[in-house]
Amino acid sequence: MNNLKEGFRYGLISYGIILYLNLLGIPLNFGDIVLTIFSLLIGLLSFAFLRKRPNHLRKNLRNTLVQGLIIGLVSGLGLSIVTYIFASLQKDGINVAQVFAQVKPEHTGALTGLTKEEVLGDVSVLPGLLQLTLLFTFAGFIGSALTQLPVEKLRKQFDSKSGLKTISRALFVLPFFFYGLFMLLKVEGVQIAGTEENNLGMLFIFLFIGAALFALRAVEPGRQKSILVILLVVLMLLLPHFADLKQNAILGVVGIFIVMGIGLNIVVGYAGLLDLGYVAFFAVGAYAYALLSSPESYVVLNLPGFEGVNFWAGLPIAIIIGAFAGFLLGVPVLRMRGDYLAIVTLGFGEIARLLVLNLRDYTGGPGGVINIPAPILFGMDLGNPRDILYIAMAFGLIVTFFTVRLRDSRLGRAWIAMREDEDVAQAMGINLVAIKLLAFASGAAIAGMAGALYATRQVNIFPDNFALDVSINVLSLIIIGGIGSLEGVVLGAIVLIGLPEILRTVDEYRIVAFGALLVTMMIVRPEGILPSTRRKRTLHVHEDSESTSTK
Amino acid sequence: MSKRLIVLLATLFVASLLLAACGGGATEAVVEKPAETMDPEMVMPEEAMGDVVVIAPGDPVRIGVSVALTGPIPEFGLDIQQSYELAIVDLNAAGGVLGHDYELDIQDGACDGDAATIVANGFAADLTIVAVAGGTCTGETLGLKPILQEARIPFVSASATNPKITNADCDICNRVALSDKLQADVDADYIYNTLGLTQAAVMHDNSDYGLGLAELFESAFKALGGTVLGELNGIQVGDTDFRAALTLVGTDSPEFIFFGGYVTEGGLIAAQMKEVGMEDVVFFSDDGVYGQPFIDAAGAAAENAYASFVAGDEIAEVNAEFDAKYEAAYGTTPDAQGPFHAQAYDSVNMIAAAIASVAVEDADGNLVIDREALIKAIRTTSGLQGLTGVLTCNDIGDCGAGGIQIFQVQGGAFIQVSGFGLD
Amino acid sequence: MVVLSSQGVTKKFGGLVAVNNFDFELPQGMIVSIIGPNGAGKTTFFNCITGFYEIDEGIILFDGLLLNGKSPDKITRMGIARTYQNIRLFANMTVTENILVGAEPHLKSFWFEAIFQTRRVKLEELEAQQDAQRMLNFVGLKGIGDQLARNLPYGSQRRLEIARALASKPKLLLLDEPTSGMNPQESAELMRFIRNLRDELGITILLIEHDMRVVMAISENIYVMDFGTKIAEGTPNEIQRNPRVIEAYLGRGIATGLKTQTAKTKASNQ
Amino acid sequence: MIAPADSNNTLAIQLLGIMEPIPQNLRQSSAGKISSWIRKNFITSLGIFIVVLLIWRIVSVAQQDSYPIQYWAFQLINGLTLGGVYALIALGYTLVYGILFMINFAHGEVMMMGGFAGFFTLQLLTYLGWTNDTPFSSAISVVVMMLAGMTVSVLTGVILERIAYRPLRAAPRLVPLISAIGASFFLQYTALLMFGAIPHNYHKPSIFVGVWRIGETGIIISYTGAFIFVTSIIMMIGLYIIVQRTKLGRSMRAVAEDKQIATLMGIDVDKVIVFTFILGSALAGAGGVMLGLHNTVIRFNSGFIPGLKAFTAAVLGGIGNIPGAMVGSLLLGIMEALGPSALGLPTEYKDVIAFSILVLVLIFRPTGLLGEVLSNKKA
């Protein structure tokens, strides 16, 4: 009996997930293949649930198979009942979509194999639902049967030395493989499924960069590594030439976020100051350059004889003003700690945006600043996405250089000491005021730099571009990537900024997936995908030592 | 449940969502396309690279769409998108252009310059896009503008009304919507001369559209001799309690409130006015507020509120036909969804008419469209019959037909109270 | 010569007077202990010296200079270093890094020099690293410089904390219950080590200690605190015989119970 | 470059060289007492300077355009209502923070879910004709809506805790915060996909349609506004009693103090935490429904801005402190309502004012108005 109960519970959970996806409108957007997808999912769920049970239960074949059947049956019946209710309502002319926006007749049709007219007409949905239930039950059964495979044994075999060697070799080769795939798309006549070759190419680029980061980490320092680095750098430098406009545009945004991530990493990762208002400095940099350069800005219009600066003159000004803003905002928060610091910086971020929005006589208000000139170097207009990407890459390298040098200096040590224990750090003779302000100011200077680049890339900037979600994105990307780790910033930016751009056409699903990804990552790998080695140890020790006091 | 199990579930979940995100499965398998259906860009005649778009026989003519499916006014965006789709269905039913169908490449411009930049770069990179319909909002359209101009792709916006959109320097910028300047003038004139109100309070939603219109209205109303009390007072999109702001505005005892902004906030302001002692104050707003969603949002308080909107001179019949088709296809009336459907339908038709006028068939049976000729053809559109009236572009790309008319909510529906169509 | 002196130091927390009118003198090169029951205000007095708490009344002088109102980092720079009762290392930094942080007061390079790696920075870092190695050797932590501080065994963590304090080359070292949690053997070893510090480096040492064997064996002068006030002062012999001290420690108990009693209280926190 | 050997370094000098060398010649500052105080308490002086500026501004504005006293009273009432809404959400924030020391960033979304549940219940009840039938049935329908909203919010909150927070209980602060941010996005866009992007408009049950007019003063109180204010006060008191007086409240406080020891005392920590989430989410659900009734609109992002403001309010009052959340919320509401007219600014500045007040308060009291006064240096 216990057995059935357990299976029933798993079944309900599976049903919950299926129902959620159902209400999210997956049948509507997928059409007929939705049944295949759902069945696969049920199979996977059944497999996952049943594999996790203790060994003696898992080994019991009959028990396992029965549970698998129950899981499939419960979710199948559950979904059928709901679908039947929806179908009846729809037949009665009640628009279910007024409550659940995605539950339209087509949605019901996709689940039952009928057309919209048939659902609304007098064709019964019951045969379709029977088929659905049977399919799910079968899927649950197969999933449970799969648990009997000797997975552990296979894995053990793979984990042996030769397996590891294969992996590290694969890591070495992977970036080149993806680069190859990307280039293959450029070859005349070659097409890879679907109409979105552009997005597929983009995906290969991201895979290339990601794989390159992993490969670099896996390879021991030495001649091998130097060769790898040189090869990868050359490929990276060539990349913008092969990519098309949209790909370069997306990479450009990713680049700008990488620069910002490196800056915020100083504040949050090294100095341990939780800053939720980082966008303020980004906005300051962007507006500083925009107001000084756009022929339609308040400054240029009201200063007689002033025609606006070019990008290379505006950039240092933006950086300095950004740093100054960081210094200024740093002063009042010197005494605050933890969550109070977080909310005050968040407040500053909002204040910055709202001031830009409301001081419309000077900033252009909601109308923004338009016609911001492109960077010009030796008479060349560098405003196109490819050149912007090159500039972003250059900026990334420069700030990485600066950050690494700072991190390894006594200032970096002082930051990390402060993050570890503020009081003791001060008792060691560290001037907390100075290093906190330095952290804020250097982070802000980098954001200012990114802001100027963003402004010139966008041509027009608006206050809405500097909302809270920018801060949240940057914070999330350094945490997903691995806080305190510079490769992590790159990877985080690709995962959180780049990938969603590919999926932009499919609107809101990407943000739901983004939210789910953040939660999942925090549970699975709180230290990030590519953690800095030191940080990784912190988080795991915290994790396994629940016995230490939680102060 | 163990932690790892949760983890696994969560992973599955993400995976399935991502799968969902991939839509129809753009990345299902790697296959090599047969040579005869090669990508159009590959068969482009070498001597004409960049200047013309060559479309192989059987391939569609592709029009990019930037539309606000997310952001502050997704319901308007959806309305516009559905109208674009209807226009394409009608055009293809009428035979397309020289045997080629039209096809839309719909992207979410999110009512935001940021998203539009990426969308526009995508269009610029895709050499098969001949023209763009959109964007929905002013900021979005300004984001499209520099990139499309560089790429020589003309656009026609259905709903971006800010005066900044079109100017003499931009030959690819066109719109069917009427400029806010015109709207502000008509509104001010109607209020001052027809309603006889002179004491105004002006509010806005601090968006480029709402604030821009509020400022234009303020100057137009003052020019007529009216008084604008106090400063322009702004509200924030996303807030829902505007009583404090309205109380402040109410201290000056205005005869009416002019609100520049969108429908949700407009509806809430109209409703909350009654709760702060402004029962007798007239609510007057703009084309961002016109439509059924306003009446839903304001409820009973919507009665007697005014909104201005575009109305053409000979629209009734064609519009009824369009409304019927729309309802059949999407299950709601266009007016319940948003206001700009007629403009959206017209803008695609305008693009199609221009394409039809410049497209030629070459010796190999390919369709050839010259980009510069298309830009010129759109700009010189003249006398095109549309849902909104007769479309004729002026030299800076304002092509809107009809005129701004005033509507009032009477008995739970917007009733036209000025201009053509009234006898 | 007196290194550290206080006159009338008073520190209040709300209604509670943690340190009350405390007068204190610490001659150069001596090892002096402060003892007292839990909550007597010993650690609070440490915190007053190191600038952690701002004192409400009185003055503290170090080398003839006023410490009142100075921030902890400045006081450390003047030559006072300390350790903590419950070890407070930078747990996620390596052993060497911990010591380098301790050496902060002697590093003079600026952050922008670090960016361009000027010769001065390189030299300074090299020296600091070598100093740190020497320091590790001195405290017997040779060869584990690259380990994370949190992974060290307890005794080594204590040593590391002292090493970190020593890295600032202090004139005065404040040790807050250095032997707590140690067995007698380790304690004895630490005592020798502390005496060496004084003898070889000439560092004046102020101890808070619960273990009476340690206190009596090592101290040259002892201050006894209870309820924030000084109740006795003198050499170990004098203190052992002072009836007020015995009463403060044991209530109305007897002197022979002293050792067992302290053994019980030693691990508990203040 | 060596900073001058002077103890009176300004911030700027400190910035140039992080650490000054050990002073050779330390001497007492010769400057006057005030200037030395300012130097030591630089931040506080900055705060005082800003406050003086503010007062000056308020006085000069008041002389210029003087509003009648009724106006201020009216705005005060508007502010109290607004604050009441913030309070319902802020109480949940502060409760969870008080027990778990984590910012439940998704709390606003929990409220939004309740608002949707309330909306659909209202639709159903309107269809059944309850809402406008008799005052009694109308009142019942409000109660049913509230219950529906609370149920859905509680479900959301509990699932959230189970999936997104429980596995992270021992992790460092940033980790649950990011998880909560993820959950916030997830819930928001789930609502967007499930219920559509289009705003849903509440139609008030008849019992709530109407306003009180106070004499000839022109002051108007809407029924819903009064309802919100009174409910939030009652809920605050109820919550306070639960936490301070009941056995469960004692367990909650024990868990807040030390989870390990609470376990040793025989307290089921998981249960207590789940209960905390139930309480907080129920409040949020009630808040969501009331917000919907008051402002008549709910949509997928309805939770975000109120959530942010409520969070601000909770911090303003001292996060973790129940009366503090109430005080902070009301203060924030009042500042938003009164601020623009008091400072002579257009209404779009209300959020600037709100966030500036937050910063200002935290400058003087780094742990909020009623937050426990941790000596900012713990030994």
# chains A, B, ... in the order shown; residues from 1 in each chain; ligands from 1
>>> select_by_dssp(residues="stretch 89-326 of chain B", states="helix (DSSP H, G or I)", output="PyMOL selection string")
chain B and resi 89-93+113-125+138-151+180-195+208-224+243-250+263-276+292-302+316-326
>>> residues_around(residues="B:Ile118", least_positions_apart="6", cutoff="10 Å", atoms="only C-alpha atoms", output="short mmCIF file (atom, residue, chain, number, x, y, z; two decimals) with N, CA and C atoms, in the first residue's frame")
data_model
loop_
_atom_site.label_atom_id
_atom_site.label_comp_id
_atom_site.auth_asym_id
_atom_site.auth_seq_id
_atom_site.Cartn_x
_atom_site.Cartn_y
_atom_site.Cartn_z
N LEU A 245 25.75 41.14 -38.75
CA LEU A 245 25.44 42.33 -37.96
C LEU A 245 24.75 42.00 -36.64
N LYS A 246 23.73 41.14 -36.74
CA LYS A 246 22.97 40.85 -35.53
C LYS A 246 23.83 40.12 -34.51
N GLN A 247 24.61 39.17 -35.02
CA GLN A 247 25.48 38.45 -34.10
C GLN A 247 26.46 39.39 -33.42
N ASN A 248 27.02 40.30 -34.22
CA ASN A 248 27.94 41.27 -33.63
C ASN A 248 27.23 42.18 -32.65
N ALA A 249 25.99 42.53 -32.98
CA ALA A 249 25.24 43.40 -32.08
C ALA A 249 25.02 42.72 -30.74
N ILE A 250 24.64 41.44 -30.80
CA ILE A 250 24.42 40.71 -29.55
C ILE A 250 25.72 40.56 -28.78
N GLY A 252 28.11 42.49 -28.88
CA GLY A 252 28.43 43.81 -28.35
C GLY A 252 27.77 44.04 -27.00
N VAL A 253 26.49 43.69 -26.90
CA VAL A 253 25.80 43.84 -25.60
C VAL A 253 26.47 42.96 -24.57
N PRO A 385 28.13 47.61 -35.54
CA PRO A 385 28.23 46.63 -34.47
C PRO A 385 29.58 45.94 -34.38
N GLN A 458 24.11 52.69 -28.77
CA GLN A 458 22.67 52.81 -28.89
C GLN A 458 22.23 53.98 -29.76
N GLU A 501 19.04 36.56 -25.78
CA GLU A 501 18.86 37.33 -27.01
C GLU A 501 18.53 36.43 -28.18
N ARG A 504 14.92 35.71 -28.12
CA ARG A 504 14.06 36.87 -27.96
C ARG A 504 12.73 36.71 -28.68
N GLN B 107 9.40 40.38 -34.75
CA GLN B 107 10.34 40.45 -33.62
C GLN B 107 9.74 41.35 -32.54
N ASP B 108 10.11 41.07 -31.30
CA ASP B 108 9.60 41.85 -30.18
C ASP B 108 10.49 43.07 -29.93
N GLY B 109 9.98 44.22 -30.28
CA GLY B 109 10.73 45.46 -30.04
C GLY B 109 10.55 45.96 -28.62
N ALA B 124 18.95 44.20 -40.48
CA ALA B 124 20.02 44.68 -41.36
C ALA B 124 20.89 43.52 -41.82
N GLY B 143 15.09 53.70 -31.86
CA GLY B 143 16.14 52.70 -31.82
C GLY B 143 16.35 52.04 -33.18
N LEU B 144 15.26 51.84 -33.90
CA LEU B 144 15.35 51.22 -35.23
C LEU B 144 16.01 52.16 -36.24
N ILE B 147 19.90 52.45 -37.51
CA ILE B 147 20.42 51.20 -38.07
C ILE B 147 19.77 50.91 -39.41
#
>>> interface_residues(of="chain C", to="chain A", cutoff="8 Å", atoms="only C-alpha atoms", output="ChimeraX atom specification")
/C:50,72-77,81-82,88,90-93,97,101-105,107,111,114-117,165,168
>>> atom_distance(atom1="atom CA of A:Gly484", atom2="atom CA of D:Ala171")
16.7 Å
>>> interface_residues(of="chain B", to="chain D", cutoff="9 Å", atoms="only C-alpha atoms", output="number ranges by chain")
B: 3, 6, 10, 69-70, 73-75, 205-206, 230-236, 238-245, 247-248, 251, 264, 268, 271-272, 275-277, 293, 296-299
>>> write_last_selection(atoms="N, CA and C atoms", output="short mmCIF file (atom, residue, chain, number, x, y, z; two decimals), in the first residue's frame")
data_model
loop_
_atom_site.label_atom_id
_atom_site.label_comp_id
_atom_site.auth_asym_id
_atom_site.auth_seq_id
_atom_site.Cartn_x
_atom_site.Cartn_y
_atom_site.Cartn_z
N LYS B 3 17.69 16.58 -1.81
CA LYS B 3 18.08 17.81 -2.51
C LYS B 3 18.38 17.52 -3.97
N ILE B 6 15.37 17.38 -6.09
CA ILE B 6 14.85 18.71 -6.42
C ILE B 6 15.65 19.31 -7.57
N ALA B 10 14.32 20.42 -11.09
CA ALA B 10 14.47 21.79 -11.55
C ALA B 10 15.16 21.83 -12.90
N LEU B 69 5.54 43.48 -27.99
CA LEU B 69 4.78 42.38 -27.41
C LEU B 69 4.97 42.31 -25.91
N THR B 70 6.06 42.92 -25.43
CA THR B 70 6.24 43.06 -23.99
C THR B 70 6.40 44.55 -23.71
N ILE B 73 2.77 48.38 -23.07
CA ILE B 73 1.48 48.28 -23.77
C ILE B 73 1.42 47.02 -24.64
N PRO B 74 1.56 45.85 -24.02
CA PRO B 74 1.56 44.62 -24.81
C PRO B 74 0.24 44.39 -25.54
N GLU B 75 -0.88 44.88 -24.97
CA GLU B 75 -2.16 44.62 -25.63
C GLU B 75 -2.25 45.38 -26.95
N ASP B 205 2.41 60.62 -18.14
CA ASP B 205 2.91 59.40 -17.51
C ASP B 205 4.43 59.30 -17.55
N ASN B 206 5.07 60.43 -17.85
CA ASN B 206 6.53 60.48 -17.87
C ASN B 206 7.15 59.52 -18.89
N GLY B 230 -0.68 75.40 -12.53
CA GLY B 230 0.43 74.67 -11.92
C GLY B 230 1.39 74.13 -12.96
N GLU B 231 2.20 73.16 -12.49
CA GLU B 231 3.17 72.56 -13.40
C GLU B 231 2.54 71.34 -14.06
N LEU B 232 3.28 70.76 -14.99
CA LEU B 232 2.87 69.46 -15.52
C LEU B 232 3.16 68.44 -14.42
N ASN B 233 2.18 67.65 -14.04
CA ASN B 233 2.43 66.66 -12.99
C ASN B 233 2.48 65.27 -13.58
N GLY B 234 3.53 64.55 -13.22
CA GLY B 234 3.74 63.24 -13.82
C GLY B 234 3.37 62.12 -12.88
N ILE B 235 3.04 60.98 -13.43
CA ILE B 235 2.84 59.76 -12.66
C ILE B 235 3.79 58.72 -13.21
N GLN B 236 3.88 57.61 -12.53
CA GLN B 236 4.82 56.59 -12.97
C GLN B 236 4.07 55.40 -13.53
N GLY B 238 3.12 51.84 -14.05
CA GLY B 238 3.33 50.70 -13.14
C GLY B 238 2.74 50.98 -11.78
N ASP B 239 2.64 52.26 -11.40
CA ASP B 239 1.94 52.61 -10.17
C ASP B 239 0.44 52.45 -10.40
N THR B 240 -0.30 52.29 -9.31
CA THR B 240 -1.74 52.16 -9.49
C THR B 240 -2.53 53.12 -8.60
N ASP B 241 -1.86 53.80 -7.69
CA ASP B 241 -2.57 54.72 -6.82
C ASP B 241 -2.15 56.14 -7.15
N PHE B 242 -3.05 56.86 -7.80
CA PHE B 242 -2.70 58.22 -8.23
C PHE B 242 -3.48 59.27 -7.44
N ARG B 243 -4.05 58.87 -6.30
CA ARG B 243 -4.91 59.80 -5.56
C ARG B 243 -4.13 61.00 -5.04
N ALA B 244 -2.92 60.74 -4.56
CA ALA B 244 -2.16 61.86 -4.01
C ALA B 244 -1.86 62.89 -5.10
N ALA B 245 -1.45 62.40 -6.26
CA ALA B 245 -1.16 63.31 -7.36
C ALA B 245 -2.41 64.07 -7.77
N THR B 247 -5.03 64.71 -5.91
CA THR B 247 -5.40 65.67 -4.87
C THR B 247 -4.62 66.97 -5.07
N LEU B 248 -3.34 66.81 -5.36
CA LEU B 248 -2.51 67.99 -5.59
C LEU B 248 -3.02 68.79 -6.79
N THR B 251 -6.24 70.88 -6.16
CA THR B 251 -6.25 72.11 -5.36
C THR B 251 -6.38 73.36 -6.21
N THR B 264 -3.92 52.06 -19.38
CA THR B 264 -4.16 51.57 -18.02
C THR B 264 -4.15 52.73 -17.03
N LEU B 268 -7.22 54.42 -14.74
CA LEU B 268 -7.16 54.54 -13.28
C LEU B 268 -7.32 55.99 -12.85
N ALA B 271 -10.87 56.95 -13.02
CA ALA B 271 -11.65 56.36 -11.93
C ALA B 271 -11.34 57.05 -10.60
N GLN B 272 -10.07 57.31 -10.35
CA GLN B 272 -9.70 57.83 -9.04
C GLN B 272 -10.00 59.31 -8.88
N GLU B 275 -12.73 59.82 -6.67
CA GLU B 275 -12.55 59.53 -5.25
C GLU B 275 -11.81 60.64 -4.52
N VAL B 276 -11.39 61.66 -5.25
CA VAL B 276 -10.72 62.77 -4.57
C VAL B 276 -11.48 64.07 -4.80
N GLY B 277 -12.73 63.95 -5.08
CA GLY B 277 -13.56 65.15 -5.15
C GLY B 277 -13.49 65.88 -6.46
N PRO B 293 -10.15 49.00 -23.64
CA PRO B 293 -9.46 48.79 -22.36
C PRO B 293 -9.61 49.98 -21.41
N ASP B 296 -12.90 49.53 -19.70
CA ASP B 296 -12.80 48.45 -18.73
C ASP B 296 -12.09 48.92 -17.47
N ALA B 297 -11.02 49.67 -17.67
CA ALA B 297 -10.20 50.07 -16.53
C ALA B 297 -10.91 51.10 -15.67
N ALA B 298 -11.60 52.04 -16.29
CA ALA B 298 -12.20 53.11 -15.52
C ALA B 298 -13.58 52.73 -15.00
N GLY B 299 -14.20 51.73 -15.57
CA GLY B 299 -15.53 51.33 -15.13
C GLY B 299 -16.53 52.44 -15.36
#
>>> residues_around(residues="B:Ser179", least_positions_apart="6", cutoff="6 Å", atoms="only C-alpha atoms", output="PyMOL selection string")
chain B and resi 161-163
>>> write_last_selection(atoms="all heavy atoms", output="PDB file, in the first residue's frame")
ATOM      1  N   THR B 161       3.945  58.252 -32.642  1.00  0.00           N
ATOM      2  CA  THR B 161       3.368  59.546 -32.991  1.00  0.00           C
ATOM      3  C   THR B 161       4.261  60.728 -32.655  1.00  0.00           C
ATOM      4  O   THR B 161       3.933  61.855 -32.993  1.00  0.00           O
ATOM      5  CB  THR B 161       2.039  59.734 -32.241  1.00  0.00           C
ATOM      6  OG1 THR B 161       2.265  59.479 -30.861  1.00  0.00           O
ATOM      7  CG2 THR B 161       0.992  58.791 -32.768  1.00  0.00           C
ATOM      8  N   ASN B 162       5.368  60.488 -31.957  1.00  0.00           N
ATOM      9  CA  ASN B 162       6.212  61.602 -31.540  1.00  0.00           C
ATOM     10  C   ASN B 162       6.770  62.351 -32.750  1.00  0.00           C
ATOM     11  O   ASN B 162       7.184  61.736 -33.734  1.00  0.00           O
ATOM     12  CB  ASN B 162       7.372  61.057 -30.697  1.00  0.00           C
ATOM     13  CG  ASN B 162       8.100  62.154 -29.971  1.00  0.00           C
ATOM     14  OD1 ASN B 162       8.709  63.011 -30.590  1.00  0.00           O
ATOM     15  ND2 ASN B 162       8.016  62.136 -28.661  1.00  0.00           N
ATOM     16  N   PRO B 163       6.809  63.680 -32.706  1.00  0.00           N
ATOM     17  CA  PRO B 163       7.309  64.436 -33.864  1.00  0.00           C
ATOM     18  C   PRO B 163       8.752  64.111 -34.229  1.00  0.00           C
ATOM     19  O   PRO B 163       9.168  64.330 -35.360  1.00  0.00           O
ATOM     20  CB  PRO B 163       7.202  65.901 -33.389  1.00  0.00           C
ATOM     21  CG  PRO B 163       6.187  65.888 -32.305  1.00  0.00           C
ATOM     22  CD  PRO B 163       6.260  64.553 -31.669  1.00  0.00           C
TER      23      PRO B 163
END
>>> atom_distance(atom1="atom CA of C:Gln129", atom2="atom CA of C:Asp146")
12.0 Å
>>> atom_distance(atom1="atom CA of D:Ile140", atom2="atom CA of D:Ile207")
10.0 Å
>>> interface_residues(of="chain A", to="chain D", cutoff="7 Å", atoms="only C-alpha atoms", output="PyMOL selection string")
chain A and resi 23-24+99-102+332+335-336+340+343-344+347+351+354+430-431+434-435+438+476+508+511-512+515-516+518-519+522-523+526+539+542-543+546
>>> residues_around(residues="A:Leu499", least_positions_apart="6", cutoff="9 Å", atoms="only C-alpha atoms", output="PyMOL selection string")
chain A and resi 202-203+206+493+510
>>> residues_around(residues="A:Val66", least_positions_apart="4", cutoff="9 Å", atoms="only C-alpha atoms", output="list in words")
Asn3, Leu4, Gly7, Leu61, Arg62, Ile70, Ile71, Phe141 and Ser144 of chain A
>>> write_last_selection(atoms="N, CA, C and O atoms", output="short mmCIF file (atom, residue, chain, number, x, y, z; two decimals), in the first residue's frame")
data_model
loop_
_atom_site.label_atom_id
_atom_site.label_comp_id
_atom_site.auth_asym_id
_atom_site.auth_seq_id
_atom_site.Cartn_x
_atom_site.Cartn_y
_atom_site.Cartn_z
N ASN A 3 3.63 1.60 -1.11
CA ASN A 3 4.14 1.67 -2.44
C ASN A 3 3.29 2.51 -3.38
O ASN A 3 3.77 3.42 -4.05
N LEU A 4 1.99 2.16 -3.35
CA LEU A 4 1.06 2.86 -4.21
C LEU A 4 1.00 4.33 -3.82
O LEU A 4 0.98 5.22 -4.66
N GLY A 7 3.98 6.11 -5.14
CA GLY A 7 3.83 6.33 -6.57
C GLY A 7 2.83 7.43 -6.85
O GLY A 7 3.04 8.28 -7.72
N LEU A 61 11.75 -5.08 -9.00
CA LEU A 61 11.30 -4.75 -10.35
C LEU A 61 9.80 -4.47 -10.39
O LEU A 61 9.37 -3.44 -10.91
N ARG A 62 9.03 -5.37 -9.78
CA ARG A 62 7.59 -5.23 -9.88
C ARG A 62 7.15 -3.91 -9.25
O ARG A 62 6.42 -3.12 -9.84
N ILE A 70 1.83 4.10 -12.22
CA ILE A 70 0.98 5.03 -11.47
C ILE A 70 1.35 6.47 -11.78
O ILE A 70 0.47 7.32 -12.00
N ILE A 71 2.63 6.73 -11.83
CA ILE A 71 3.05 8.10 -12.14
C ILE A 71 2.46 8.56 -13.47
O ILE A 71 1.85 9.62 -13.58
N PHE A 141 5.84 4.14 -17.51
CA PHE A 141 6.29 2.76 -17.42
C PHE A 141 7.71 2.63 -17.97
O PHE A 141 8.60 2.06 -17.34
N SER A 144 10.23 4.08 -15.71
CA SER A 144 10.55 3.24 -14.55
C SER A 144 11.40 2.05 -14.97
O SER A 144 12.31 1.65 -14.25
#
>>> select_by_dssp(residues="stretch 278-442 of chain A", states="strand (DSSP E or B)", output="PyMOL selection string")
chain A and resi 369+376-377+380-381
>>> residues_around(residues="D:Phe136", least_positions_apart="6", cutoff="12 Å", atoms="only C-alpha atoms", output="VMD selection string")
chain D and resid 130 142 to 143 205 to 208
>>> write_last_selection(atoms="N, CA and C atoms", output="compact mmCIF listing (two decimals), in the first residue's frame")
# COMPACT_ATOMS: atom_id res chain seq x y z
N TRP D 130 -23.41 37.71 -6.46
CA TRP D 130 -23.28 37.98 -5.03
C TRP D 130 -22.85 39.41 -4.74
N VAL D 142 -16.59 39.69 -0.41
CA VAL D 142 -15.27 40.23 -0.12
C VAL D 142 -14.47 39.24 0.72
N VAL D 143 -15.15 38.66 1.72
CA VAL D 143 -14.46 37.70 2.57
C VAL D 143 -13.98 36.51 1.74
N PRO D 205 -17.15 45.27 -5.42
CA PRO D 205 -18.45 44.86 -4.92
C PRO D 205 -19.19 46.09 -4.37
N SER D 206 -20.50 46.04 -4.41
CA SER D 206 -21.27 47.26 -4.11
C SER D 206 -20.95 47.84 -2.75
N ILE D 207 -20.62 46.97 -1.82
CA ILE D 207 -20.37 47.46 -0.46
C ILE D 207 -19.17 48.40 -0.41
N PHE D 208 -18.30 48.27 -1.39
CA PHE D 208 -17.09 49.08 -1.40
C PHE D 208 -17.18 50.29 -2.31
>>> closest_residue(among="D:Trp56, D:Tyr86, D:Phe300, D:Phe105", to="D:Leu343", atoms="only C-alpha atoms")
D:Trp56
>>> residues_around(residues="stretch 225-238 of chain D", least_positions_apart="3", cutoff="8 Å", atoms="only C-alpha atoms", output="list of chain:residue names")
D:Leu80, D:Thr81, D:Gly83, D:Gly84, D:Val85, D:Ala87, D:Leu88, D:Leu91, D:Ile221, D:Ser222, D:Ile241, D:Ile242, D:Leu283, D:Met290, D:His294, D:Ile322, D:Pro323, D:Met326
>>> closest_residue(among="C:Gly14, C:Pro243, C:Gly228, C:Gly181", to="chain D", atoms="only C-alpha atoms")
C:Gly14
